[in-house]
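Listing of model.txt, compact mmCIF, C-alpha atoms
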# COMPACT_ATOMS: atom_id res chain seq x y z
CA MET A 15 108.02 88.13 147.34
CA THR A 16 110.12 87.67 144.25
CA SER A 17 111.22 90.11 141.61
CA GLY A 18 111.80 89.08 138.01
CA SER A 19 114.34 90.49 135.57
CA ASP A 20 111.60 92.81 134.31
CA GLY A 21 111.22 94.36 137.80
CA ILE A 22 107.71 93.03 138.36
CA GLN A 23 107.20 91.97 141.96
CA THR A 24 105.24 88.83 142.71
CA ILE A 25 103.70 88.31 146.13
CA GLU A 26 102.73 84.75 146.96
CA GLY A 27 102.29 82.40 149.85
CA ASP A 28 104.04 79.12 150.48
CA PHE A 29 103.21 75.79 152.06
CA THR A 30 104.76 76.29 155.48
CA VAL A 31 102.28 76.84 158.31
CA PRO A 32 103.01 80.32 159.68
CA ASP A 33 103.80 80.60 163.39
CA GLY A 34 100.68 80.60 165.50
CA ALA A 35 98.31 80.07 162.55
CA ARG A 36 95.07 78.34 163.49
CA PHE A 37 92.87 76.28 161.20
CA ALA A 38 89.24 75.22 161.58
CA LEU A 39 88.03 72.22 159.62
CA VAL A 40 84.23 72.31 159.24
CA ALA A 41 83.23 68.82 158.17
CA SER A 42 79.87 67.28 157.33
CA ARG A 43 78.76 64.02 158.95
CA PHE A 44 76.51 63.20 155.97
CA ASN A 45 78.35 60.87 153.58
CA SER A 46 80.85 60.32 156.39
CA PHE A 47 82.47 57.41 154.56
CA ILE A 48 83.77 60.04 152.11
CA VAL A 49 84.10 63.10 154.35
CA ASP A 50 86.08 61.26 157.01
CA ALA A 51 88.72 60.46 154.37
CA LEU A 52 88.78 64.14 153.33
CA LEU A 53 89.15 65.16 156.98
CA THR A 54 92.01 62.70 157.50
CA GLY A 55 93.72 64.09 154.40
CA ALA A 56 93.30 67.69 155.58
CA ILE A 57 94.72 66.96 159.02
CA GLU A 58 97.62 65.05 157.46
CA ALA A 59 98.45 68.01 155.19
CA LEU A 60 98.35 70.52 158.03
CA LYS A 61 100.59 68.39 160.24
CA LYS A 62 102.97 67.54 157.39
CA HIS A 63 103.48 71.25 156.73
CA GLY A 64 104.10 72.28 160.31
CA ALA A 65 100.81 72.58 162.21
CA SER A 66 100.52 71.11 165.66
CA GLU A 67 97.32 69.49 166.90
CA ALA A 68 96.75 72.57 169.07
CA GLN A 69 96.52 74.68 165.88
CA ILE A 70 93.74 72.54 164.38
CA SER A 71 90.08 72.40 165.39
CA VAL A 72 87.43 70.17 163.85
CA VAL A 73 83.78 71.23 163.87
CA ARG A 74 81.25 68.61 162.73
CA VAL A 75 77.96 69.63 161.13
CA PRO A 76 75.03 67.44 160.00
CA GLY A 77 75.45 68.02 156.25
CA SER A 78 76.86 70.28 153.56
CA TRP A 79 73.78 72.53 153.77
CA GLU A 80 74.85 73.53 157.31
CA ILE A 81 78.49 74.25 156.47
CA PRO A 82 78.08 77.95 155.52
CA LEU A 83 76.28 78.88 158.75
CA VAL A 84 78.92 77.26 160.90
CA CYS A 85 81.74 78.72 158.80
CA GLU A 86 80.23 82.15 159.42
CA ARG A 87 80.16 81.59 163.18
CA VAL A 88 83.72 80.27 163.20
CA ALA A 89 84.89 83.21 161.06
CA ARG A 90 83.13 85.70 163.35
CA SER A 91 85.06 84.30 166.34
CA LYS A 92 88.31 85.68 164.83
CA LYS A 93 90.11 82.70 166.42
CA TYR A 94 91.15 81.11 163.13
CA ASP A 95 93.33 82.22 160.25
CA ALA A 96 91.63 79.93 157.74
CA ILE A 97 88.69 77.57 157.51
CA VAL A 98 88.49 74.42 155.39
CA ALA A 99 84.94 73.35 154.49
CA LEU A 100 84.68 69.60 153.89
CA GLY A 101 81.64 67.73 152.62
CA ALA A 102 80.34 65.44 149.90
CA VAL A 103 77.20 66.03 147.87
CA ILE A 104 76.50 63.09 145.57
CA ARG A 105 73.89 63.39 142.82
CA GLY A 106 70.73 61.36 143.28
CA GLY A 107 67.51 61.03 141.34
CA THR A 108 66.01 64.36 142.46
CA ALA A 109 66.84 68.06 142.33
CA HIS A 110 68.06 67.93 145.95
CA PHE A 111 71.68 67.68 144.75
CA GLU A 112 71.51 71.01 142.91
CA HIS A 113 69.93 72.81 145.88
CA VAL A 114 72.47 71.58 148.41
CA ALA A 115 75.52 71.96 146.16
CA ASN A 116 74.54 75.47 145.06
CA ALA A 117 73.66 76.65 148.57
CA ALA A 118 76.88 75.27 150.05
CA SER A 119 79.13 76.82 147.41
CA ARG A 120 77.36 80.17 147.36
CA GLY A 121 77.15 80.32 151.15
CA ILE A 122 80.80 79.47 151.70
CA ALA A 123 81.89 82.07 149.14
CA ASP A 124 79.67 84.71 150.74
CA VAL A 125 81.10 84.05 154.20
CA ALA A 126 84.67 84.24 152.91
CA LEU A 127 84.06 87.54 151.16
CA LYS A 128 82.20 89.11 154.09
CA SER A 129 84.59 87.90 156.79
CA GLY A 130 87.88 88.37 154.96
CA ILE A 131 89.00 85.00 156.29
CA PRO A 132 90.07 82.41 153.72
CA ILE A 133 87.53 79.61 153.51
CA VAL A 134 88.65 76.83 151.23
CA PHE A 135 85.95 74.88 149.39
CA GLY A 136 86.61 71.21 150.01
CA VAL A 137 83.04 70.07 149.35
CA LEU A 138 82.93 67.37 146.71
CA THR A 139 80.04 67.63 144.25
CA THR A 140 80.01 64.43 142.23
CA ASP A 141 77.67 62.40 140.08
CA THR A 142 78.53 59.07 141.68
CA VAL A 143 79.86 57.50 144.87
CA GLU A 144 82.77 56.16 142.81
CA GLN A 145 83.77 59.69 141.76
CA ALA A 146 83.59 60.86 145.37
CA SER A 147 85.68 57.89 146.53
CA GLU A 148 88.35 58.65 143.93
CA ARG A 149 88.60 62.26 145.10
CA ALA A 150 88.82 61.24 148.76
CA GLY A 151 91.44 58.57 148.27
CA PRO A 152 95.04 58.22 147.23
CA LYS A 153 94.46 57.53 143.48
CA SER A 154 93.43 60.98 142.22
CA GLY A 155 94.76 62.79 145.23
CA ASN A 156 92.82 63.48 148.38
CA LYS A 157 90.87 66.72 147.92
CA GLY A 158 90.87 67.28 151.69
CA PHE A 159 94.67 67.27 151.62
CA GLU A 160 94.62 69.70 148.68
CA ALA A 161 92.10 71.99 150.42
CA ALA A 162 94.30 72.16 153.52
CA LEU A 163 97.31 73.04 151.36
CA ALA A 164 95.30 75.88 149.83
CA ALA A 165 94.41 77.08 153.34
CA ILE A 166 98.08 77.09 154.37
CA GLU A 167 99.03 79.01 151.23
CA MET A 168 96.24 81.55 151.79
CA VAL A 169 97.33 82.20 155.39
CA SER A 170 100.92 82.61 154.23
CA LEU A 171 99.80 84.93 151.42
CA ASP A 172 97.62 86.95 153.81
CA ARG A 173 100.62 87.52 156.06
CA ALA A 174 102.81 88.48 153.09
CA LEU A 175 100.19 91.00 151.94
CA SER A 176 99.80 92.42 155.45
CA LYS A 177 103.57 92.99 155.70
CA ARG A 178 103.25 95.20 152.62
CA GLY A 179 100.28 97.11 153.97
CA LEU A 180 97.84 95.50 151.56
Rewrite the structure of this file - the entire thing - as structure tokens.
Amino acid sequence: MTSGSDGIQTIEGDFTVPDGARFALVASRFNSFIVDALLTGAIEALKKHGASEAQISVVRVPGSWEIPLVCERVARSKKYDAIVALGAVIRGGTAHFEHVANAASRGIADVALKSGIPIVFGVLTTDTVEQASERAGPKSGNKGFEAALAAIEMVSLDRALSKRGL
């Protein structure tokens, strides 16, 4: 927590994995050539910021449609401080893209709100394979890495809020 010259207190998290924090990475197997890169980035971020392998669990699901259900089960276990949802939904020639992308985003948000456990949305929703590849690689930044950083920050923030009785 910081306090400015105006006396306003700011409560925020940081990017250091809190002691004992556990992270679940729920990753789709569909579009694995993209999702595996996101998963690698997420694991790299967690380790780089202080997580041990024992603090990280990976749960594989068939596709992005299945991510919310598994996130709910993982959240219900109360064994994890944050969940990172990783998938890739790439637009095709039918309405299938909209159904899967909307259901995944809505479902993940619902689980986070109901469980009170941070669930970071690391599901790419792109128009092309090229866009997905850019977001899963080093050029534009790996969105799996970024999602894991958000998870670390949310766990840190949650602990900061708890210390203040919030």
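Here the question is which of A:Gly64, A:Gly77, A:Pro132, A:Gly158 gets nearest to Pro32 of chain A using only C-alpha atoms, and that residue is A:Gly64.
As for atom CA of Phe37 of chain A and atom CA of Glu112 of chain A, they are spaced 28.6 Å apart.
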**OP:** Do a neighbour search on Trp79 of chain A at 9 Å with all atoms listed in the file, toss out local chain neighbours closer than 4 positions, and write the hits as JSON, numbers by chain.
**Re:** {"A": [42, 75, 83, 113, 114, 115, 117, 118, 121]}
**OP:** May I ask which of the residues A:Leu180, A:Ile97, A:Gly106, A:Pro82 is the closest one to Asp141 of chain A, counting all atoms listed in the file?
**Re:** A:Gly106
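Minimum distance to Gly136 of chain A across A:Ile22, A:Val103, A:Ala109, A:Ala174 (counting all atoms listed in the file) occurs at A:Val103.
The shortest atom-to-atom distance to Arg105 of chain A, with all atoms listed in the file taken into account, belongs to A:Glu144 out of A:Glu67, A:Glu80, A:Glu167, A:Glu144.
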**OP:** With a distance cut-off of 12 Å and all atoms listed in the file, select the neighbouring residues of Arg90 of chain A, excluding the residue or stretch itself and same-chain residues fewer than 5 positions from it, and output the selection as an MDAnalysis selection string.
**Re:** chainID A and resid 83:85 95:97 125:126 128:131
Original post:
How many Å lie between atom CA of Gly155 of chain A and atom CA of Ala51 of chain A, rounded to one decimal?
Top reply: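 Atom CA of Ala51 of chain A lies 11.2 Å from atom CA of Gly155 of chain A.
Close to (87.7, 67.9, 157.3), meaning no more than 7 Å away when counting only C-alpha atoms, sit the residues Leu39, Val40, Ala41, Val49, Asp50, Leu52, Leu53, Thr54, Ala56, Val72, Val98, Ala99, Leu100 and Gly158 of chain A.
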Please produce a file of those selected residues containing C-alpha atoms, as a PDB file, keeping the file's coordinate frame.
ATOM      1  CA  LEU A  39      88.030  72.220 159.620  1.00  0.00           C
ATOM      2  CA  VAL A  40      84.230  72.310 159.240  1.00  0.00           C
ATOM      3  CA  ALA A  41      83.230  68.820 158.170  1.00  0.00           C
ATOM      4  CA  VAL A  49      84.100  63.100 154.350  1.00  0.00           C
ATOM      5  CA  ASP A  50      86.080  61.260 157.010  1.00  0.00           C
ATOM      6  CA  LEU A  52      88.780  64.140 153.330  1.00  0.00           C
ATOM      7  CA  LEU A  53      89.150  65.160 156.980  1.00  0.00           C
ATOM      8  CA  THR A  54      92.010  62.700 157.500  1.00  0.00           C
ATOM      9  CA  ALA A  56      93.300  67.690 155.580  1.00  0.00           C
ATOM     10  CA  VAL A  72      87.430  70.170 163.850  1.00  0.00           C
ATOM     11  CA  VAL A  98      88.490  74.420 155.390  1.00  0.00           C
ATOM     12  CA  ALA A  99      84.940  73.350 154.490  1.00  0.00           C
ATOM     13  CA  LEU A 100      84.680  69.600 153.890  1.00  0.00           C
ATOM     14  CA  GLY A 158      90.870  67.280 151.690  1.00  0.00           C
TER      15      GLY A 158
END
**OP:** Rank A:Ala38, A:Val31, A:Ile48, A:Met168 by their smallest atom-to-atom distance to Lys61 of chain A, using all atoms listed in the file, and report the top residue only.
**Re:**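 Among the listed residues, A:Val31 lies closest to Lys61 of chain A.
When atom CA of Glu26 of chain A is paired with atom CA of Ser170 of chain A, their separation reads 7.8 Å.
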